[in-house]
Amino acid sequence: MSVSRDPAMLPRLAWSGVAVVVLAPALVLSEFDPSVLVEAGNLRTMGRFLAGFWPPEGSSAFLVLLAQACLETLAMATAGITLAVVLAVPTAFALSRSLTLRAQMAGRPAWLEGLLRGPLRALLLVLRGVPELVWALLLVRVFGLGPAAGVMALALTYGGMLGKVYAEILESADQRPARALLEAGGGRIEALAYGLLPACAPELVSYTVYRWECALRASVVMGFVGAGGLGQLMDQSMKMLNGGEAATILLVLFALVLLADTVSARLRALMT
Amino acid sequence: MGREAIAIAAQDVAVVHRGGRVAFSGLNLSVHVGERVALIGPSGAGKTSLLRLVGLGIVPAGGQLRVLGEAPWSVAAPTLRTLRRRIGHVHQSPPIPPRQRVVHAVLAGGLGRWPWWRALASLLMPLDCNGAERQLAKLDLADRLFERCDRLSGGQLQRVALARVLYQQPELVLADEPVSAMDPALADATVGLLVAEARARGTTLVASLHAVDLALRHFDRVIGIGAGRIQFDLPPAAIDPAQLQRLYAAVDDRGVGRAGGPPRALLPALAVCR
């Protein structure tokens, strides 16, 4: 008797092939050539640039300025993420397919779902399709120079990302608990709270905290276009060719990312 | 109430799984309100499909189905949802999130009648600990009220799922192998409790069981299902060993199931739990 062939084998091989064919040209198209890095002239240029960063600036006047900017960045990232979550939770809740029985089973027409979800999906796509830097450039013209524009930019882009990923996390969990609740006549909110959240909560929290870490870095970048915080300070230091100040700011950034990492690890430990 | 005296009425119902495999065709079944029915038969015979059909988890491909007096697939969405709340389903593997605590897993049985804000509030502060504890106590699990479900054994988890359905207080209970992870003595006591509860509250109970002896001992009507058809539908006293042999032997004819030798442990006298 011949051993029957795995029916999944051919598609799997084909997709692996497609992945190689699609990814390989990306390196060529992006003109990526690592050898440029180690050419003698380039190394010297980078070395001189980095040497300017030493020693880090430590004057008390600068440190006061730095502390202020650091608080501003923290506040910008935190407020931005909070608004993003406020935006993402209802959209993910509305989008996630795990919280509805198939149309036929719930006794309503099938086109209704597409009608509701299409525009929401499109909204999230636009929100996260525009980089936060571009949102910030736009919003600085409305809110003026300062962190407010950065907060709004983060809320929009990250709201779009969180909404999409939240919906996907909900859909990737074991669907049976929620479906059993829906089949017993429970509503969407109940099915979410009793069927999905227990399994998804750690992942939702850890992704949100990771996004907060990203928001910290992003708010630094947005500072360069006038959204305040560490970025704006860094921009000024670089323009005045003050490498020492830039080095101190970078050290503070490391500390912030480390902080985010610790918060994430603690929260995860609490939740398992 | 006249029409409601029939809990389940299926006429010529067909069930086709996704992928086209036919689970049932030409199914005729009638169960009166308050009846307690056991489904037995070999694995893959269609017991779960039948329970999911009646539990409104599968839409039939043909025929007429009425459950608790309603035709579920031709009523409006709100009526369908109300009907769903009147049916309690005990699934084969309890669909309870591992990190959920027992108290919430049991109170989830109340979700159908609670407004959403009450459901959310109960997650912060369980609103009916006593109610949950009362149902768990019947199943000897009251001391596990605040335990997380992933700390329970398979048999304990099945009892939590039963406590949820008891808490739901449905008019029709569908139980798909509700005691498959319990030892014979506990399984016997648990099925006994399920039947006694149904009798006390006048609810209809349909349970599929691997253990033939449990079906014969506790139920007033036993339906044998094999190869997607009802093979017999009799009171336990009228079932003879030859019928059971044939029911389980049908699997061997299809070339799956037990290889060689007579089917084991089919007779009530030899009863083995699973």
# chains A, B, ... in the order shown; residues from 1 in each chain; ligands from 1
call {"tool": "residues_around", "arguments": {"residues": "Thr82 in chain B", "least_positions_apart": "3", "cutoff": "10 Å", "atoms": "only C-alpha atoms", "output": "ChimeraX atom specification"}}
result
/A:184-186 /B:77-79,85-87,112-113
call {"tool": "select_by_dssp", "arguments": {"residues": "range 74-219 of chain B", "states": "strand (DSSP E or B)", "output": "list in words"}}
result
Ile87, Gly88, His89, Val90, Arg101, Arg148, Leu172, Val173, Leu174, Ala175, Asp176, Thr204, Leu205, Val206, Ala207 and Ser208 of chain B
call {"tool": "write_last_selection", "arguments": {"atoms": "N, CA and C atoms", "output": "JSON list (two decimals), in the first residue's frame"}}
result
[["chain", "number", "residue", "atom", "x", "y", "z"],
["B", 87, "ILE", "N", -31.74, 27.21, 25.70],
["B", 87, "ILE", "CA", -31.05, 25.95, 25.46],
["B", 87, "ILE", "C", -29.69, 25.99, 26.16],
["B", 88, "GLY", "N", -29.40, 24.96, 26.96],
["B", 88, "GLY", "CA", -28.08, 24.89, 27.59],
["B", 88, "GLY", "C", -27.27, 23.80, 26.93],
["B", 89, "HIS", "N", -26.04, 24.14, 26.51],
["B", 89, "HIS", "CA", -25.23, 23.17, 25.77],
["B", 89, "HIS", "C", -23.97, 22.85, 26.59],
["B", 90, "VAL", "N", -23.77, 21.58, 26.88],
["B", 90, "VAL", "CA", -22.52, 21.15, 27.50],
["B", 90, "VAL", "C", -21.67, 20.56, 26.39],
["B", 101, "ARG", "N", -11.38, 32.27, 35.97],
["B", 101, "ARG", "CA", -11.59, 31.63, 37.25],
["B", 101, "ARG", "C", -12.94, 30.93, 37.27],
["B", 148, "ARG", "N", -8.34, 29.13, 39.37],
["B", 148, "ARG", "CA", -8.30, 29.33, 37.93],
["B", 148, "ARG", "C", -8.57, 28.00, 37.23],
["B", 172, "LEU", "N", -34.02, 23.30, 27.94],
["B", 172, "LEU", "CA", -33.53, 22.12, 27.23],
["B", 172, "LEU", "C", -32.03, 22.02, 27.47],
["B", 173, "VAL", "N", -31.58, 20.88, 27.99],
["B", 173, "VAL", "CA", -30.14, 20.69, 28.22],
["B", 173, "VAL", "C", -29.62, 19.68, 27.22],
["B", 174, "LEU", "N", -28.58, 20.07, 26.48],
["B", 174, "LEU", "CA", -27.92, 19.16, 25.55],
["B", 174, "LEU", "C", -26.52, 18.91, 26.07],
["B", 175, "ALA", "N", -26.20, 17.68, 26.37],
["B", 175, "ALA", "CA", -24.89, 17.40, 26.96],
["B", 175, "ALA", "C", -24.14, 16.41, 26.07],
["B", 176, "ASP", "N", -22.97, 16.85, 25.58],
["B", 176, "ASP", "CA", -22.18, 16.02, 24.67],
["B", 176, "ASP", "C", -21.06, 15.35, 25.47],
["B", 204, "THR", "N", -36.06, 19.22, 29.66],
["B", 204, "THR", "CA", -35.75, 18.16, 28.73],
["B", 204, "THR", "C", -34.24, 17.97, 28.73],
["B", 205, "LEU", "N", -33.79, 16.72, 28.69],
["B", 205, "LEU", "CA", -32.35, 16.44, 28.71],
["B", 205, "LEU", "C", -32.01, 15.47, 27.59],
["B", 206, "VAL", "N", -31.05, 15.84, 26.76],
["B", 206, "VAL", "CA", -30.52, 14.91, 25.77],
["B", 206, "VAL", "C", -29.02, 14.85, 25.99],
["B", 207, "ALA", "N", -28.50, 13.66, 26.29],
["B", 207, "ALA", "CA", -27.07, 13.52, 26.57],
["B", 207, "ALA", "C", -26.49, 12.39, 25.74],
["B", 208, "SER", "N", -25.33, 12.65, 25.13],
["B", 208, "SER", "CA", -24.63, 11.56, 24.46],
["B", 208, "SER", "C", -23.64, 10.97, 25.44]]
call {"tool": "closest_atom_pairs", "arguments": {"of": "chain B", "to": "chain A", "cutoff": "7 Å", "atoms": "only C-alpha atoms", "output": "Markdown table"}}
result
| residue | atom | partner | partner_atom | distance |
| --- | --- | --- | --- | --- |
| B:Gly57 | CA | A:Glu183 | CA | 6.6 |
| B:Val59 | CA | A:Met105 | CA | 6.9 |
| B:Ala76 | CA | A:Gly107 | CA | 6.1 |
| B:Ala77 | CA | A:Gly107 | CA | 4.7 |
| B:Arg81 | CA | A:Gly185 | CA | 4.9 |
| B:Thr82 | CA | A:Gly185 | CA | 6.5 |
| B:Arg84 | CA | A:Gly185 | CA | 4.8 |
| B:Arg85 | CA | A:Gly185 | CA | 4.8 |
| B:Ile87 | CA | A:Ala184 | CA | 6.7 |
| B:Gly88 | CA | A:Ala184 | CA | 6.8 |
| B:Pro95 | CA | A:Pro177 | CA | 4.4 |
| B:Ile96 | CA | A:Pro177 | CA | 5.4 |
| B:Pro97 | CA | A:Ala199 | CA | 6.0 |
| B:Arg99 | CA | A:Pro198 | CA | 5.6 |
| B:Gln100 | CA | A:Pro198 | CA | 5.7 |
| B:Ala108 | CA | A:Tyr194 | CA | 6.8 |
| B:Leu111 | CA | A:Gly186 | CA | 5.6 |
| B:Gly112 | CA | A:Gly186 | CA | 4.7 |
| B:Trp116 | CA | A:Glu190 | CA | 6.2 |
| B:Ala119 | CA | A:Glu190 | CA | 6.3 |
call {"tool": "select_by_dssp", "arguments": {"residues": "range 40-222 of chain A", "states": "helix (DSSP H, G or I)", "output": "VMD selection string"}}
result
chain A and resid 40 to 51 60 to 95 97 to 99 103 to 106 111 to 129 132 to 143 147 to 172 176 to 183 188 to 222
call {"tool": "atom_distance", "arguments": {"atom1": "CA of Asp183 in chain B", "atom2": "CA of Gly228 in chain B"}}
result
28.7 Å
call {"tool": "residues_around", "arguments": {"residues": "Val151 in chain A", "least_positions_apart": "5", "cutoff": "9 Å", "atoms": "only C-alpha atoms", "output": "mmCIF file with C-alpha atoms, in the first residue's frame"}}
result
data_model
loop_
_atom_site.group_PDB
_atom_site.id
_atom_site.type_symbol
_atom_site.label_atom_id
_atom_site.label_comp_id
_atom_site.auth_asym_id
_atom_site.auth_seq_id
_atom_site.Cartn_x
_atom_site.Cartn_y
_atom_site.Cartn_z
ATOM 1 C CA ALA A 75 3.829 62.789 28.554
ATOM 2 C CA MET A 76 3.475 62.995 24.761
ATOM 3 C CA ALA A 77 3.960 59.249 24.276
ATOM 4 C CA THR A 78 1.662 58.312 27.158
ATOM 5 C CA ALA A 79 -1.134 60.705 26.203
ATOM 6 C CA GLY A 80 -0.792 59.647 22.550
ATOM 7 C CA ILE A 81 -1.054 55.943 23.365
ATOM 8 C CA LEU A 83 -5.925 58.333 23.008
ATOM 9 C CA ALA A 136 2.724 65.750 12.971
ATOM 10 C CA LEU A 156 -4.141 58.794 14.883
ATOM 11 C CA SER A 219 7.852 61.294 19.747
ATOM 12 C CA ALA A 227 6.555 68.716 18.274
#
call {"tool": "closest_residue", "arguments": {"among": "B:Cys149, B:Val31, B:Val15, B:Leu193", "to": "Arg52 in chain B", "atoms": "only C-alpha atoms"}}
result
B:Val15
call {"tool": "residues_around", "arguments": {"residues": "His218 in chain B", "least_positions_apart": "6", "cutoff": "12 Å", "atoms": "only C-alpha atoms", "output": "JSON, numbers by chain"}}
result
{"B": [35, 36, 37, 38, 187, 188, 189, 190, 191, 192, 193, 194, 195, 196, 198, 199, 205, 206, 207, 209, 211, 212, 235, 236, 237]}
call {"tool": "atom_distance", "arguments": {"atom1": "CA of Leu216 in chain A", "atom2": "CA of Arg121 in chain A"}}
result
26.2 Å
